[in-house]
Every structure is written in C-alpha cells, then in structure tokens.
Amino acid sequence: MTHVLVIGGGPAGLMAADVLSAKGQSVVVAEAKPTVARKFLMAGKSGLNLTKDEPFEAFLSAYAEASDFLKPMLKAFGPAEAVAWAESLGQEMFAGSTGRVFPKVMKASPLLRQWLTRLERQGVEIKTRHKWVGLDDGYVFETPEGTVTFQPNCVILACGGASWSRLGSDGTWAGVAHLDVAPFQPANMGYCVDWSPYMEKHFGKPVKGTALKVGDQISRGEFVVSKRGVEGGGIYAISRILRDGAPLTLDLLPDLSVDDIRRRLAKPRGKSSLTNHLRKTLGLDPVKQALMMEFVHPLPEDLAPLLKDVPVRLGDARPMDEAISTAGGVRLSDLTTELMLKDRPGVFAVGEMLDWEAPTGGYLLTACLATGRWAGTSASDWLQT
C-alpha cells in the first residue's frame, strides 16, 4: 500500500484520510496538538451547525468569488451529503427554523468518536503532538520523542487557517511550506466599539429583533453588546463587508414603518418618561434604547426615522485570533481543479488553509468537509496513475 501523509487533524484532513483509507491507501495523520479536531469540538459546544438546508444555488452564493471554484466539490458533497455522512456515523440530524442543520444531541463529540473509530478500523494511524517544522529531504516534525521525518508518496495539507491558535490554527504553516499565500484576514468576527460609561450596565445583553444594514446587505440575526464592542451571529453575517469599510446602521424596529412608529409615538405620553413611552408604545427594550442614545445625541424631535436608521460607530475588527475563521491562505489560482498544488505534484491542500471564506451557518464546515473529500478522491486517483 502507498503511504499518504495528512498534515492536520481537523475535519478537512480527517475527511481526506477517511476517503483515502476506504480506498485501501495507507494513511498517517500528523496533528500538532495532543488531540485531533479541537476546533470542530469547539464548534460543537454551540450545537455543531453542520450545514444549511436550502436550495443549492442559494447555498453556493455564500462563498462569493470562490463559488465557481468550489462548485464541483459542493455539488459532490453539499448539504444533503453532509447530513447523510453524519447519519452514517450514527447521528440523528434536524433542521431548525432558519434551515441550519444540527445533530439532535447538539454536540460534536459523539460524531467525532464514531468517526475516529471508523478511521481506526480502516487502518488510519493518527500521530498527535507532531508539529510540522520543515521540508528537508522530507516532511520534518518535532515530537516529544525528537525530530521525525516522513517521506510520503502523497501529501494532503490540512493545516487550518490563522485563528484560534490555541486550538491549532495559527497560520505558521505558510512559512514552513514555503508557500506564497494571500494575506490572512479575520472573518466572521466582532468589532470594537468605544463605549461610553453609560453602556456598561448593558454589557453581555443580546440585541434581538433588529436589522443590521450595511451596503445592500441586511442581517436579521441577533448580536451581543460586549465590553469590547459588538459580536454574535448578526454581526458575523455582515463582517466581511464591514471589513471593507462600509458603514453600519441599525433598524431597531424592522417590522414597523416610519409612519407606524410616528403613529404609536403620537399617543399621549402623560407623565411618562421618554424611556417608558418608548417601551410602552413601541416595545423598545432598554438595550435598544441605550444603543439609540449612545450613537445619536441630542435626539431629534422626530424619532421615527432615527429608530429605523441608527448609525453605529465601529472601531477595528477584533483580533484575527478571536475570529471564527479567516480569509487568505493558499491562492486558488495556485491549485489544480483537483486541489493539487500546481508546482508540487502529489501535494494537495484543503479546508480553511485555502483562500476562501463564508459566513457562519453551516457553510464553513460543509466546505471544509467537501474539500477534504474532493482532495482524498483526487489523491487516490493520482496515486493510481
């Protein structure tokens, strides 16, 4: 059997190992951390959003300029295939009201245990605490037992992006591999806000039922006011266009028109304070009122247009290591359609280390698995030529 080396034990690398070993190849997975799939398990703490149940073209559009490149891989392994794969590992899946698909147990560990059992049964050897440090007549790793060099017939690079370094994705592989990569940038991240002291009592509060507007994009997801700024799914969905410098405004009452708001505010106020009047007539909770007052002062006499368009003064994006994912990495133009590096026969690259990005909601994980599957199949074909 031919020896294949997979560098990186995240979902993309494990999927490539799964495909190759099922086809009879001898596979070694080298992982720098003491255990594999740490970021995968972290994602599972919030339910493991595996994929998104929606029409394929809508699903594909989430990958923006990378969609044409990824299309054949996602055609071969898209939302339906991701669900079938998880079910083959004993996980019962369900789709929520927004189409996001989760295991019914709402965690990643049972799926991972079954997956690792299958890989072991197929002969995959997983070597942890193996940190890739160089290319010197082979692939050189630092291990607790000293330096080890592999000379494989085929390599799958599955080294991850450049966020959450404590889980294994630090981007240092770019220098080790001697690759000219697109610069890393944070993706699916929060933003800093220089809050006034007045906002302190609202830190940690979720903001629900708003529309976040940036350019021609609207996000209806909730977000959180934190000590450092704003974060959460609603912000992550538009973080890319915010990263490009577009301004953000909030529609605090997206289900009401300006006229509806004016009509409600026109009700007699009596002795009620403005905050009580806003709460009673519009259902505007304290954190929404605080956001309005934080970013606009003095308040205009006609509040209705403002409530539909509150400008938010954002600072910088949160540091890259805090981002859920990253943009940048191996340039797609440097890869063949089989995900092999054009100038390195027999070396394939997969997952987050490639220069693509997508919003949260199942898109990230599905594409990582799809690229791993595609490269595993491609590598098996290449080994047989």
# chains A, B, ... in the order shown; residues from 1 in each chain; ligands from 1
>>> residues_around(residues="Asp285 in chain A", least_positions_apart="5", cutoff="12 Å", atoms="only C-alpha atoms", output="list in words")
His202, Lys205, Pro206, Val207, Lys208, Gly209, Thr210, Leu252, Leu253, Thr275, Asn276, His277, Leu278, Arg279, Lys280, Ala290, Leu291 and Met292 of chain A
>>> residues_around(residues="Gly13 in chain A", least_positions_apart="3", cutoff="10 Å", atoms="only C-alpha atoms", output="tab-separated table (two decimals) with C-alpha atoms, in the first residue's frame")
chain	number	residue	atom	x	y	z
A	5	LEU	CA	0.65	11.80	4.88
A	6	VAL	CA	-2.17	14.09	6.03
A	7	ILE	CA	-0.86	17.14	7.91
A	8	GLY	CA	-3.62	18.41	10.19
A	9	GLY	CA	-6.32	16.56	12.10
A	10	GLY	CA	-9.26	18.88	11.57
A	16	ALA	CA	-9.36	13.16	3.22
A	17	ALA	CA	-7.94	10.38	5.40
A	18	ASP	CA	-11.35	8.69	5.51
A	29	VAL	CA	-2.43	11.82	10.05
A	30	ALA	CA	0.06	14.13	11.79
A	31	GLU	CA	-1.53	16.55	14.26
A	36	VAL	CA	-7.47	15.99	16.82
A	37	ALA	CA	-10.41	18.17	15.71
A	156	ILE	CA	-2.65	16.29	2.00
A	157	LEU	CA	-2.07	19.68	3.61
A	158	ALA	CA	-4.94	20.37	6.02
A	159	CYS	CA	-3.27	22.90	8.28
A	160	GLY	CA	-6.20	25.21	9.03
A	349	ALA	CA	-4.38	21.40	0.05
A	350	VAL	CA	-7.79	21.50	1.73
A	351	GLY	CA	-10.04	23.28	4.18
A	368	CYS	CA	-14.11	22.03	4.73
A	369	LEU	CA	-15.54	18.51	4.55
A	371	THR	CA	-12.66	19.94	0.00
A	372	GLY	CA	-11.27	17.13	2.13
A	373	ARG	CA	-13.42	14.58	0.34
A	375	ALA	CA	-8.78	16.00	-2.39
A	376	GLY	CA	-8.93	12.50	-0.93
>>> residues_around(residues="range 142-144 of chain A", least_positions_apart="5", cutoff="7 Å", atoms="only C-alpha atoms", output="ChimeraX atom specification")
/A:129-133
>>> write_last_selection(atoms="N, CA, C and O atoms", output="PDB file, in the first residue's frame")
ATOM      1  N   ARG A 129       0.745  15.390  18.703  1.00  0.00           N
ATOM      2  CA  ARG A 129       1.962  16.088  19.158  1.00  0.00           C
ATOM      3  C   ARG A 129       3.072  16.005  18.107  1.00  0.00           C
ATOM      4  O   ARG A 129       4.258  15.932  18.431  1.00  0.00           O
ATOM      5  N   HIS A 130       2.675  16.050  16.867  1.00  0.00           N
ATOM      6  CA  HIS A 130       3.616  16.082  15.743  1.00  0.00           C
ATOM      7  C   HIS A 130       3.472  17.437  15.056  1.00  0.00           C
ATOM      8  O   HIS A 130       2.514  17.655  14.299  1.00  0.00           O
ATOM      9  N   LYS A 131       4.379  18.340  15.348  1.00  0.00           N
ATOM     10  CA  LYS A 131       4.321  19.695  14.784  1.00  0.00           C
ATOM     11  C   LYS A 131       5.222  19.777  13.560  1.00  0.00           C
ATOM     12  O   LYS A 131       6.422  19.543  13.635  1.00  0.00           O
ATOM     13  N   TRP A 132       4.629  20.133  12.440  1.00  0.00           N
ATOM     14  CA  TRP A 132       5.381  20.257  11.187  1.00  0.00           C
ATOM     15  C   TRP A 132       6.286  21.485  11.265  1.00  0.00           C
ATOM     16  O   TRP A 132       5.819  22.601  11.498  1.00  0.00           O
ATOM     17  N   VAL A 133       7.589  21.273  11.064  1.00  0.00           N
ATOM     18  CA  VAL A 133       8.553  22.373  11.228  1.00  0.00           C
ATOM     19  C   VAL A 133       9.423  22.616  10.011  1.00  0.00           C
ATOM     20  O   VAL A 133      10.158  23.606   9.963  1.00  0.00           O
TER      21      VAL A 133
END
>>> select_by_dssp(residues="range 80-188 of chain A", states="alpha helix (DSSP H)", output="PyMOL selection string")
chain A and resi 80-88+109-121+173-176
>>> select_by_dssp(residues="range 133-245 of chain A", states="strand (DSSP E or B)", output="PDB file with C-alpha atoms, in the first residue's frame")
ATOM      1  CA  VAL A 133       8.553  22.373  11.228  1.00  0.00           C
ATOM      2  CA  GLY A 134      10.263  21.985   7.880  1.00  0.00           C
ATOM      3  CA  LEU A 135      10.986  20.476   4.497  1.00  0.00           C
ATOM      4  CA  TYR A 139       8.455  16.409   5.903  1.00  0.00           C
ATOM      5  CA  VAL A 140      10.065  17.179   9.256  1.00  0.00           C
ATOM      6  CA  PHE A 141       8.145  17.127  12.539  1.00  0.00           C
ATOM      7  CA  GLU A 142       9.006  17.939  16.121  1.00  0.00           C
ATOM      8  CA  THR A 143       7.615  15.335  18.519  1.00  0.00           C
ATOM      9  CA  GLY A 146      12.517  14.126  18.975  1.00  0.00           C
ATOM     10  CA  THR A 147      12.611  15.040  15.301  1.00  0.00           C
ATOM     11  CA  VAL A 148      10.852  12.728  12.847  1.00  0.00           C
ATOM     12  CA  THR A 149      10.958  12.896   9.042  1.00  0.00           C
ATOM     13  CA  PHE A 150       8.336  11.393   6.726  1.00  0.00           C
ATOM     14  CA  CYS A 154       1.449  11.771  -1.433  1.00  0.00           C
ATOM     15  CA  VAL A 155       0.604  14.619   0.959  1.00  0.00           C
ATOM     16  CA  ILE A 156      -2.650  16.286   1.995  1.00  0.00           C
ATOM     17  CA  LEU A 157      -2.066  19.685   3.615  1.00  0.00           C
ATOM     18  CA  ALA A 182      -2.825  35.533   0.177  1.00  0.00           C
ATOM     19  CA  PRO A 183      -2.508  37.554   3.425  1.00  0.00           C
ATOM     20  CA  PHE A 184      -4.674  36.273   6.257  1.00  0.00           C
ATOM     21  CA  GLN A 185      -7.588  38.429   7.413  1.00  0.00           C
ATOM     22  CA  PRO A 186     -10.190  37.835  10.140  1.00  0.00           C
ATOM     23  CA  ALA A 187     -13.592  36.562   9.007  1.00  0.00           C
ATOM     24  CA  TYR A 191     -15.935  44.709  16.042  1.00  0.00           C
ATOM     25  CA  CYS A 192     -14.587  47.073  18.635  1.00  0.00           C
ATOM     26  CA  LYS A 205     -27.003  41.736  26.749  1.00  0.00           C
ATOM     27  CA  PRO A 206     -28.315  40.234  23.493  1.00  0.00           C
ATOM     28  CA  VAL A 207     -29.943  42.563  20.975  1.00  0.00           C
ATOM     29  CA  ALA A 211     -31.995  44.636  11.197  1.00  0.00           C
ATOM     30  CA  LEU A 212     -28.304  45.388  10.736  1.00  0.00           C
ATOM     31  CA  LYS A 213     -27.845  47.264   7.463  1.00  0.00           C
ATOM     32  CA  VAL A 214     -24.556  47.610   5.621  1.00  0.00           C
ATOM     33  CA  GLN A 217     -26.957  43.669   2.845  1.00  0.00           C
ATOM     34  CA  ILE A 218     -29.333  43.204   5.763  1.00  0.00           C
ATOM     35  CA  SER A 219     -28.762  40.830   8.669  1.00  0.00           C
ATOM     36  CA  PHE A 223     -25.893  40.230  18.343  1.00  0.00           C
ATOM     37  CA  VAL A 224     -24.400  40.949  21.759  1.00  0.00           C
ATOM     38  CA  VAL A 225     -23.198  44.186  23.323  1.00  0.00           C
ATOM     39  CA  GLY A 229     -17.777  46.013  21.205  1.00  0.00           C
ATOM     40  CA  VAL A 230     -20.367  44.015  19.267  1.00  0.00           C
ATOM     41  CA  GLU A 231     -20.264  40.337  18.353  1.00  0.00           C
TER      42      GLU A 231
END
>>> closest_residue(among="A:Thr51, A:Ser273, A:Gly215, A:Ala66", to="Glu81 in chain A", atoms="only C-alpha atoms")
A:Thr51
>>> residues_around(residues="Phe59 in chain A", least_positions_apart="3", cutoff="12 Å", atoms="only C-alpha atoms", output="JSON, numbers by chain")
{"A": [51, 52, 53, 54, 55, 56, 62, 63, 64, 67, 70, 71, 74, 75, 78, 79, 80, 99, 100, 358, 359, 360, 361, 362, 363, 364, 366, 367]}
